[in-house]
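Single-structure report; data block below.
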Amino acid sequence: MQCGSARKHLYRAEHTTSEGPSHPVAAEVARAEEHLESCAACREFFAAEERLKTLLKLRAPREAASLALREQILSRLAEERRPAGASRLRRLIGSRRVAWALVAMLVIAVLAGGFWLRSRRSDIASHRLTSVLVDDHARYLSGETEVTSTDPEIVQAWFRGKVDFSFRLPKEGGLTLIGGRLCYLQNRRAALLLYGPAAQRVSLFILDGSDVDLPQERLVKLDERPCLVETKKGYNVVMWKERGLVYGMVSDMRSADLLQLSTRF
Amino acid sequence: MPRRFQIIQGPQTVDSEPEKPLRQELPTFEDALLAHLDSLFAFAMRLVGGRRERAEDLVQETALRAFRGYGSLRSPKKTKTWLFQILYNTQINEFHRQSREPTADVALNEALLESMETTPCVTPEEQFFAQLLDSELQQALEDLPIEFRTTIWLSDIEELSYKEIAEITNCPAGTVASRLYRGHRLLRERLREYAERRGLLRE
């Protein structure tokens, strides 16, 4: 057997022997092995191949996978393993139409939430204001005024420069004006008008209402004017907003009468 | 005709084994993958010319593809070959397509094997091999065409059989033998060049 032929059979030996010992080429491999015994050049040929293999095995770079790569792969596999429902949801969210629907729902939810929150806040604010009005009404029940006059013009004039808003009082309010005084509501100056007789005091508070919201859902309309009617500590309170001012009327008279009275202002 | 009929009835013959639910015998995919992850990464590094980020991308993509197809693996014994095959195909089909320069395959023939270089050189290979730098060996390996590089790596480093390498690289086993031999020859030439440049060879 020639060197080239022997080397070919031996080089391919693994391939040929895998086809079984009865394969015709297996006989050629046996002859090639015989050749190798007697051929130094062929032995050197295979020895050189072995040297190169050894060099590679010993010194070829074998970089290990980093810990970060392992973790990244495991995390992505965990994501892949998530229940089908979750991936269906992800796919669903991935579709443009559903994404828009979700955005629309979100906007509606935010608006509704904002509206609810605002209405809730105004509800709480009006409750607080009612409490303050009732407390101040009780405090000044004795008729302690800073300006005493039955003339609305004089009382109005007294408040000029003392409060940062302007108001007008009806000349015929159906009530007797006793006078007025300053008070502080929600950390700002407000006007308090006191009406009599002494047996049935009525306090009218007037304050800047630019940041006061009355809870819309609880307002009742009287002569086209929305009013809030509340009862606290035995007193009835009627509140309304007009031209940026908040009016609060407090008395122990019946709420219907108080409401009727409020329409004169 | 009777023989053909017998073949159709193959599963009833004594030699044929009944089909086993091999899928149930497979370890979890994560276990199977992690057992070969370092080998896969090192192989990926050789395929992408030592660029670590590219190799990591390639291994990640391989892991995902393999995970999705794990059910098709019939035997745990084939896991390594199967993973290497996915990695190789991913690199060839997705990453390497643009730059790929196909290597002409030549059958392993007598003329090729007899033309082994016999450059007169008094310096034994063992001697200059020992003096080569690791970086030179790495560079010489990476300079080889991808088919040769792959075959050398899978045969010499991973010690896979020609048959397994043939499955991974989708070529006949005879071609694997030819690529291995030609790859060795090219690599040896490159290593000699490095050795000559550094004056390690005496002629």
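Ligands are numbered from 1 in the order shown, residues from 1 within each chain, and chains are lettered A, B, ... in the order they appear in the structure tokens.
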
Find the residues around Cys42 (chain A) up to 9 Å (only C-alpha atoms counted), leave out those fewer than 3 positions away in its own chain, and share them as a VMD selection string.
chain A and resid 3 to 4 6 to 7 35 to 39 45 to 47

Could you list, with a cut-off of 9 Å and counting only C-alpha atoms, the residues of chain A near chain B, each shown with its nearest atom pair and the distance in Å rounded to one decimal, rows sorted by chain and ascending number, as a tab-separated table?
residue	atom	partner	partner_atom	distance
A:Gln2	CA	B:Glu110	CA	8.6
A:Cys3	CA	B:Glu114	CA	6.9
A:Gly4	CA	B:Glu110	CA	4.1
A:Ser5	CA	B:Glu110	CA	5.3
A:Ala6	CA	B:Glu110	CA	8.4
A:Arg7	CA	B:Leu113	CA	6.7
A:Lys8	CA	B:Glu110	CA	6.4
A:Tyr11	CA	B:Ala177	CA	6.8
A:Arg12	CA	B:Ala177	CA	6.0
A:Glu14	CA	B:Tyr162	CA	7.1
A:His15	CA	B:Tyr162	CA	6.5
A:Ser18	CA	B:Lys163	CA	8.7
A:Phe45	CA	B:Met116	CA	8.1
A:Ala48	CA	B:Glu125	CA	8.1
A:Glu49	CA	B:His184	CA	7.4
A:Arg51	CA	B:Glu126	CA	7.2
A:Leu52	CA	B:His184	CA	7.5
A:Lys53	CA	B:Asp156	CA	5.7
A:Thr54	CA	B:Asp156	CA	8.2
A:Leu55	CA	B:Phe129	CA	7.2
A:Leu56	CA	B:Ile157	CA	7.0
A:Lys57	CA	B:Ile157	CA	5.6
A:Arg59	CA	B:Asp134	CA	6.4
A:Ala60	CA	B:Gln138	CA	6.4
A:Pro61	CA	B:Gln138	CA	6.6
A:Arg62	CA	B:Ala42	CA	5.3
A:Glu63	CA	B:Ala42	CA	5.2
A:Ala64	CA	B:Asp38	CA	4.8
A:Ala65	CA	B:Asp38	CA	5.1
A:Ser66	CA	B:Asp38	CA	8.7
A:Leu69	CA	B:Glu56	CA	6.8
A:Arg70	CA	B:Leu34	CA	7.9
A:Gln72	CA	B:Gln60	CA	8.1
A:Ile73	CA	B:Gln60	CA	6.0
A:Leu74	CA	B:Glu30	CA	7.3
A:Arg76	CA	B:Leu64	CA	7.9
A:Leu77	CA	B:Leu64	CA	7.1
A:Glu80	CA	B:Leu64	CA	8.4

A straight line from CA of Trp158 (chain A) to CA of Phe265 (chain A) spans 18.9 Å

Per-residue DSSP, region 41-88 of chain B, filtered to alpha helix (DSSP H), as a PyMOL selection string
chain B and resi 41-47+52-68+79-88

Could those residues be written to a file, using N, CA and C atoms, as an mmCIF file, in the first residue's frame?
data_model
loop_
_atom_site.group_PDB
_atom_site.id
_atom_site.type_symbol
_atom_site.label_atom_id
_atom_site.label_comp_id
_atom_site.auth_asym_id
_atom_site.auth_seq_id
_atom_site.Cartn_x
_atom_site.Cartn_y
_atom_site.Cartn_z
ATOM 1 N N PHE B 41 -19.681 28.446 25.077
ATOM 2 C CA PHE B 41 -19.145 29.804 25.016
ATOM 3 C C PHE B 41 -17.778 29.826 24.341
ATOM 4 N N ALA B 42 -16.926 28.860 24.706
ATOM 5 C CA ALA B 42 -15.588 28.810 24.101
ATOM 6 C C ALA B 42 -15.703 28.577 22.588
ATOM 7 N N PHE B 43 -16.636 27.723 22.194
ATOM 8 C CA PHE B 43 -16.854 27.465 20.765
ATOM 9 C C PHE B 43 -17.358 28.741 20.079
ATOM 10 N N ALA B 44 -18.283 29.429 20.764
ATOM 11 C CA ALA B 44 -18.817 30.683 20.206
ATOM 12 C C ALA B 44 -17.691 31.703 20.026
ATOM 13 N N MET B 45 -16.775 31.756 21.004
ATOM 14 C CA MET B 45 -15.646 32.687 20.905
ATOM 15 C C MET B 45 -14.815 32.398 19.656
ATOM 16 N N ARG B 46 -14.635 31.116 19.351
ATOM 17 C CA ARG B 46 -13.849 30.772 18.154
ATOM 18 C C ARG B 46 -14.609 31.152 16.881
ATOM 19 N N LEU B 47 -15.926 31.003 16.934
ATOM 20 C CA LEU B 47 -16.722 31.303 15.733
ATOM 21 C C LEU B 47 -16.764 32.796 15.436
ATOM 22 N N ARG B 52 -15.980 38.957 22.667
ATOM 23 C CA ARG B 52 -16.767 38.425 23.785
ATOM 24 C C ARG B 52 -18.247 38.796 23.710
ATOM 25 N N GLU B 53 -18.539 40.056 23.383
ATOM 26 C CA GLU B 53 -19.952 40.471 23.336
ATOM 27 C C GLU B 53 -20.729 39.704 22.285
ATOM 28 N N ARG B 54 -20.099 39.535 21.123
ATOM 29 C CA ARG B 54 -20.768 38.793 20.060
ATOM 30 C C ARG B 54 -20.984 37.343 20.485
ATOM 31 N N ALA B 55 -19.976 36.799 21.162
ATOM 32 C CA ALA B 55 -20.087 35.408 21.608
ATOM 33 C C ALA B 55 -21.217 35.264 22.623
ATOM 34 N N GLU B 56 -21.346 36.247 23.510
ATOM 35 C CA GLU B 56 -22.420 36.183 24.512
ATOM 36 C C GLU B 56 -23.791 36.281 23.847
ATOM 37 N N ASP B 57 -23.896 37.164 22.862
ATOM 38 C CA ASP B 57 -25.162 37.272 22.109
ATOM 39 C C ASP B 57 -25.491 35.939 21.438
ATOM 40 N N LEU B 58 -24.464 35.376 20.857
ATOM 41 C CA LEU B 58 -24.665 34.118 20.123
ATOM 42 C C LEU B 58 -25.114 32.995 21.067
ATOM 43 N N VAL B 59 -24.480 32.918 22.228
ATOM 44 C CA VAL B 59 -24.848 31.869 23.189
ATOM 45 C C VAL B 59 -26.266 32.105 23.723
ATOM 46 N N GLN B 60 -26.592 33.352 23.971
ATOM 47 C CA GLN B 60 -27.964 33.656 24.455
ATOM 48 C C GLN B 60 -29.006 33.261 23.423
ATOM 49 N N GLU B 61 -28.742 33.615 22.194
ATOM 50 C CA GLU B 61 -29.688 33.287 21.129
ATOM 51 C C GLU B 61 -29.801 31.769 20.990
ATOM 52 N N THR B 62 -28.670 31.101 21.100
ATOM 53 C CA THR B 62 -28.652 29.637 21.020
ATOM 54 C C THR B 62 -29.496 29.042 22.148
ATOM 55 N N ALA B 63 -29.312 29.573 23.351
ATOM 56 C CA ALA B 63 -30.043 29.051 24.512
ATOM 57 C C ALA B 63 -31.549 29.182 24.306
ATOM 58 N N LEU B 64 -31.976 30.321 23.790
ATOM 59 C CA LEU B 64 -33.418 30.529 23.584
ATOM 60 C C LEU B 64 -33.970 29.596 22.513
ATOM 61 N N ARG B 65 -33.222 29.474 21.421
ATOM 62 C CA ARG B 65 -33.675 28.579 20.341
ATOM 63 C C ARG B 65 -33.735 27.132 20.833
ATOM 64 N N ALA B 66 -32.714 26.760 21.576
ATOM 65 C CA ALA B 66 -32.663 25.384 22.082
ATOM 66 C C ALA B 66 -33.808 25.142 23.067
ATOM 67 N N PHE B 67 -34.076 26.128 23.908
ATOM 68 C CA PHE B 67 -35.161 25.990 24.890
ATOM 69 C C PHE B 67 -36.485 25.724 24.181
ATOM 70 N N ARG B 68 -36.710 26.496 23.114
ATOM 71 C CA ARG B 68 -37.985 26.351 22.386
ATOM 72 C C ARG B 68 -38.069 25.013 21.671
ATOM 73 N N THR B 79 -27.369 15.732 23.648
ATOM 74 C CA THR B 79 -27.570 17.137 24.022
ATOM 75 C C THR B 79 -26.433 18.037 23.545
ATOM 76 N N LYS B 80 -25.197 17.596 23.799
ATOM 77 C CA LYS B 80 -24.057 18.451 23.461
ATOM 78 C C LYS B 80 -23.999 18.714 21.955
ATOM 79 N N THR B 81 -24.097 17.656 21.161
ATOM 80 C CA THR B 81 -24.059 17.806 19.695
ATOM 81 C C THR B 81 -25.185 18.725 19.235
ATOM 82 N N TRP B 82 -26.347 18.500 19.835
ATOM 83 C CA TRP B 82 -27.543 19.277 19.454
ATOM 84 C C TRP B 82 -27.355 20.761 19.748
ATOM 85 N N LEU B 83 -26.820 21.054 20.933
ATOM 86 C CA LEU B 83 -26.589 22.460 21.293
ATOM 87 C C LEU B 83 -25.549 23.100 20.382
ATOM 88 N N PHE B 84 -24.472 22.363 20.122
ATOM 89 C CA PHE B 84 -23.421 22.879 19.248
ATOM 90 C C PHE B 84 -23.962 23.122 17.838
ATOM 91 N N GLN B 85 -24.846 22.227 17.415
ATOM 92 C CA GLN B 85 -25.427 22.357 16.074
ATOM 93 C C GLN B 85 -26.268 23.637 15.976
ATOM 94 N N ILE B 86 -27.058 23.889 17.023
ATOM 95 C CA ILE B 86 -27.892 25.102 17.025
ATOM 96 C C ILE B 86 -27.006 26.347 17.020
ATOM 97 N N LEU B 87 -25.954 26.300 17.834
ATOM 98 C CA LEU B 87 -25.055 27.455 17.907
ATOM 99 C C LEU B 87 -24.380 27.708 16.550
ATOM 100 N N TYR B 88 -23.904 26.631 15.949
ATOM 101 C CA TYR B 88 -23.207 26.761 14.654
ATOM 102 C C TYR B 88 -24.168 27.300 13.593
#

Would you please extract all strand (DSSP E) residues from region 51-217 of chain A, as assigned by DSSP on the backbone, and give them as a list of chain:residue names?
A:Val147, A:Thr148, A:Thr176, A:Leu177, A:Ile178, A:Gly179, A:Gly180, A:Arg181, A:Leu182, A:Cys183, A:Tyr184, A:Leu185, A:Arg188, A:Arg189, A:Ala190, A:Ala191, A:Leu192, A:Leu193, A:Leu194, A:Tyr195, A:Gly196, A:Val202, A:Ser203, A:Leu204, A:Phe205, A:Ile206, A:Leu207, A:Asp208

Put those residues in a file: N, CA and C atoms, as a PDB file, in the first residue's frame.
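again-v3.pdb was written with the following content:
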ATOM      1  N   VAL A 147     -67.837  96.898  63.856  1.00  0.00           N
ATOM      2  CA  VAL A 147     -68.563  98.039  63.304  1.00  0.00           C
ATOM      3  C   VAL A 147     -70.039  97.801  63.628  1.00  0.00           C
ATOM      4  N   THR A 148     -70.628  98.771  64.236  1.00  0.00           N
ATOM      5  CA  THR A 148     -72.025  98.571  64.623  1.00  0.00           C
ATOM      6  C   THR A 148     -72.887  99.585  63.883  1.00  0.00           C
ATOM      7  N   THR A 176     -82.573  92.362  60.454  1.00  0.00           N
ATOM      8  CA  THR A 176     -82.021  93.594  60.993  1.00  0.00           C
ATOM      9  C   THR A 176     -80.510  93.473  61.106  1.00  0.00           C
ATOM     10  N   LEU A 177     -79.804  94.347  60.411  1.00  0.00           N
ATOM     11  CA  LEU A 177     -78.329  94.319  60.480  1.00  0.00           C
ATOM     12  C   LEU A 177     -77.881  94.905  61.810  1.00  0.00           C
ATOM     13  N   ILE A 178     -77.010  94.224  62.487  1.00  0.00           N
ATOM     14  CA  ILE A 178     -76.476  94.706  63.756  1.00  0.00           C
ATOM     15  C   ILE A 178     -75.115  95.357  63.510  1.00  0.00           C
ATOM     16  N   GLY A 179     -74.334  94.733  62.711  1.00  0.00           N
ATOM     17  CA  GLY A 179     -72.992  95.264  62.447  1.00  0.00           C
ATOM     18  C   GLY A 179     -72.119  94.208  61.784  1.00  0.00           C
ATOM     19  N   GLY A 180     -70.855  94.437  61.921  1.00  0.00           N
ATOM     20  CA  GLY A 180     -69.942  93.472  61.288  1.00  0.00           C
ATOM     21  C   GLY A 180     -68.601  93.388  61.992  1.00  0.00           C
ATOM     22  N   ARG A 181     -67.793  92.444  61.632  1.00  0.00           N
ATOM     23  CA  ARG A 181     -66.443  92.299  62.188  1.00  0.00           C
ATOM     24  C   ARG A 181     -65.587  91.444  61.258  1.00  0.00           C
ATOM     25  N   LEU A 182     -64.311  91.535  61.449  1.00  0.00           N
ATOM     26  CA  LEU A 182     -63.393  90.695  60.672  1.00  0.00           C
ATOM     27  C   LEU A 182     -63.257  89.342  61.349  1.00  0.00           C
ATOM     28  N   CYS A 183     -63.084  88.366  60.599  1.00  0.00           N
ATOM     29  CA  CYS A 183     -62.722  87.060  61.173  1.00  0.00           C
ATOM     30  C   CYS A 183     -61.770  86.353  60.208  1.00  0.00           C
ATOM     31  N   TYR A 184     -61.196  85.319  60.674  1.00  0.00           N
ATOM     32  CA  TYR A 184     -60.226  84.591  59.837  1.00  0.00           C
ATOM     33  C   TYR A 184     -60.774  83.204  59.510  1.00  0.00           C
ATOM     34  N   LEU A 185     -60.932  82.983  58.226  1.00  0.00           N
ATOM     35  CA  LEU A 185     -61.401  81.680  57.766  1.00  0.00           C
ATOM     36  C   LEU A 185     -60.368  81.135  56.777  1.00  0.00           C
ATOM     37  N   ARG A 188     -57.348  83.362  56.041  1.00  0.00           N
ATOM     38  CA  ARG A 188     -57.471  84.634  55.329  1.00  0.00           C
ATOM     39  C   ARG A 188     -58.596  85.454  55.967  1.00  0.00           C
ATOM     40  N   ARG A 189     -58.523  86.729  55.700  1.00  0.00           N
ATOM     41  CA  ARG A 189     -59.537  87.609  56.284  1.00  0.00           C
ATOM     42  C   ARG A 189     -60.879  87.399  55.601  1.00  0.00           C
ATOM     43  N   ALA A 190     -61.900  87.360  56.417  1.00  0.00           N
ATOM     44  CA  ALA A 190     -63.260  87.226  55.887  1.00  0.00           C
ATOM     45  C   ALA A 190     -64.150  88.236  56.599  1.00  0.00           C
ATOM     46  N   ALA A 191     -65.283  88.550  55.975  1.00  0.00           N
ATOM     47  CA  ALA A 191     -66.230  89.502  56.589  1.00  0.00           C
ATOM     48  C   ALA A 191     -67.334  88.728  57.277  1.00  0.00           C
ATOM     49  N   LEU A 192     -67.658  89.178  58.478  1.00  0.00           N
ATOM     50  CA  LEU A 192     -68.780  88.550  59.199  1.00  0.00           C
ATOM     51  C   LEU A 192     -69.820  89.625  59.463  1.00  0.00           C
ATOM     52  N   LEU A 193     -71.009  89.424  58.937  1.00  0.00           N
ATOM     53  CA  LEU A 193     -72.123  90.338  59.170  1.00  0.00           C
ATOM     54  C   LEU A 193     -73.079  89.680  60.148  1.00  0.00           C
ATOM     55  N   LEU A 194     -73.471  90.466  61.125  1.00  0.00           N
ATOM     56  CA  LEU A 194     -74.367  89.918  62.145  1.00  0.00           C
ATOM     57  C   LEU A 194     -75.756  90.537  62.008  1.00  0.00           C
ATOM     58  N   TYR A 195     -76.689  89.615  61.995  1.00  0.00           N
ATOM     59  CA  TYR A 195     -78.073  90.061  61.881  1.00  0.00           C
ATOM     60  C   TYR A 195     -78.847  89.585  63.110  1.00  0.00           C
ATOM     61  N   GLY A 196     -79.916  90.351  63.471  1.00  0.00           N
ATOM     62  CA  GLY A 196     -80.754  90.014  64.635  1.00  0.00           C
ATOM     63  C   GLY A 196     -82.193  89.790  64.215  1.00  0.00           C
ATOM     64  N   VAL A 202     -78.439  85.644  63.070  1.00  0.00           N
ATOM     65  CA  VAL A 202     -77.996  85.055  61.792  1.00  0.00           C
ATOM     66  C   VAL A 202     -76.618  85.634  61.482  1.00  0.00           C
ATOM     67  N   SER A 203     -75.692  84.795  61.197  1.00  0.00           N
ATOM     68  CA  SER A 203     -74.343  85.257  60.803  1.00  0.00           C
ATOM     69  C   SER A 203     -74.185  85.035  59.302  1.00  0.00           C
ATOM     70  N   LEU A 204     -73.680  86.080  58.637  1.00  0.00           N
ATOM     71  CA  LEU A 204     -73.379  85.917  57.208  1.00  0.00           C
ATOM     72  C   LEU A 204     -71.869  86.102  57.026  1.00  0.00           C
ATOM     73  N   PHE A 205     -71.237  85.053  56.615  1.00  0.00           N
ATOM     74  CA  PHE A 205     -69.781  85.106  56.364  1.00  0.00           C
ATOM     75  C   PHE A 205     -69.558  85.301  54.862  1.00  0.00           C
ATOM     76  N   ILE A 206     -68.615  86.180  54.527  1.00  0.00           N
ATOM     77  CA  ILE A 206     -68.266  86.386  53.115  1.00  0.00           C
ATOM     78  C   ILE A 206     -66.743  86.256  52.996  1.00  0.00           C
ATOM     79  N   LEU A 207     -66.316  85.412  52.078  1.00  0.00           N
ATOM     80  CA  LEU A 207     -64.869  85.230  51.898  1.00  0.00           C
ATOM     81  C   LEU A 207     -64.543  85.002  50.429  1.00  0.00           C
ATOM     82  N   ASP A 208     -63.275  85.220  50.138  1.00  0.00           N
ATOM     83  CA  ASP A 208     -62.805  84.986  48.767  1.00  0.00           C
ATOM     84  C   ASP A 208     -62.945  83.491  48.461  1.00  0.00           C
TER      85      ASP A 208
END

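CA of Gly183 (chain B) to CA of Ala41 (chain A) spans 20.2 Å [interatomic distance, one decimal].
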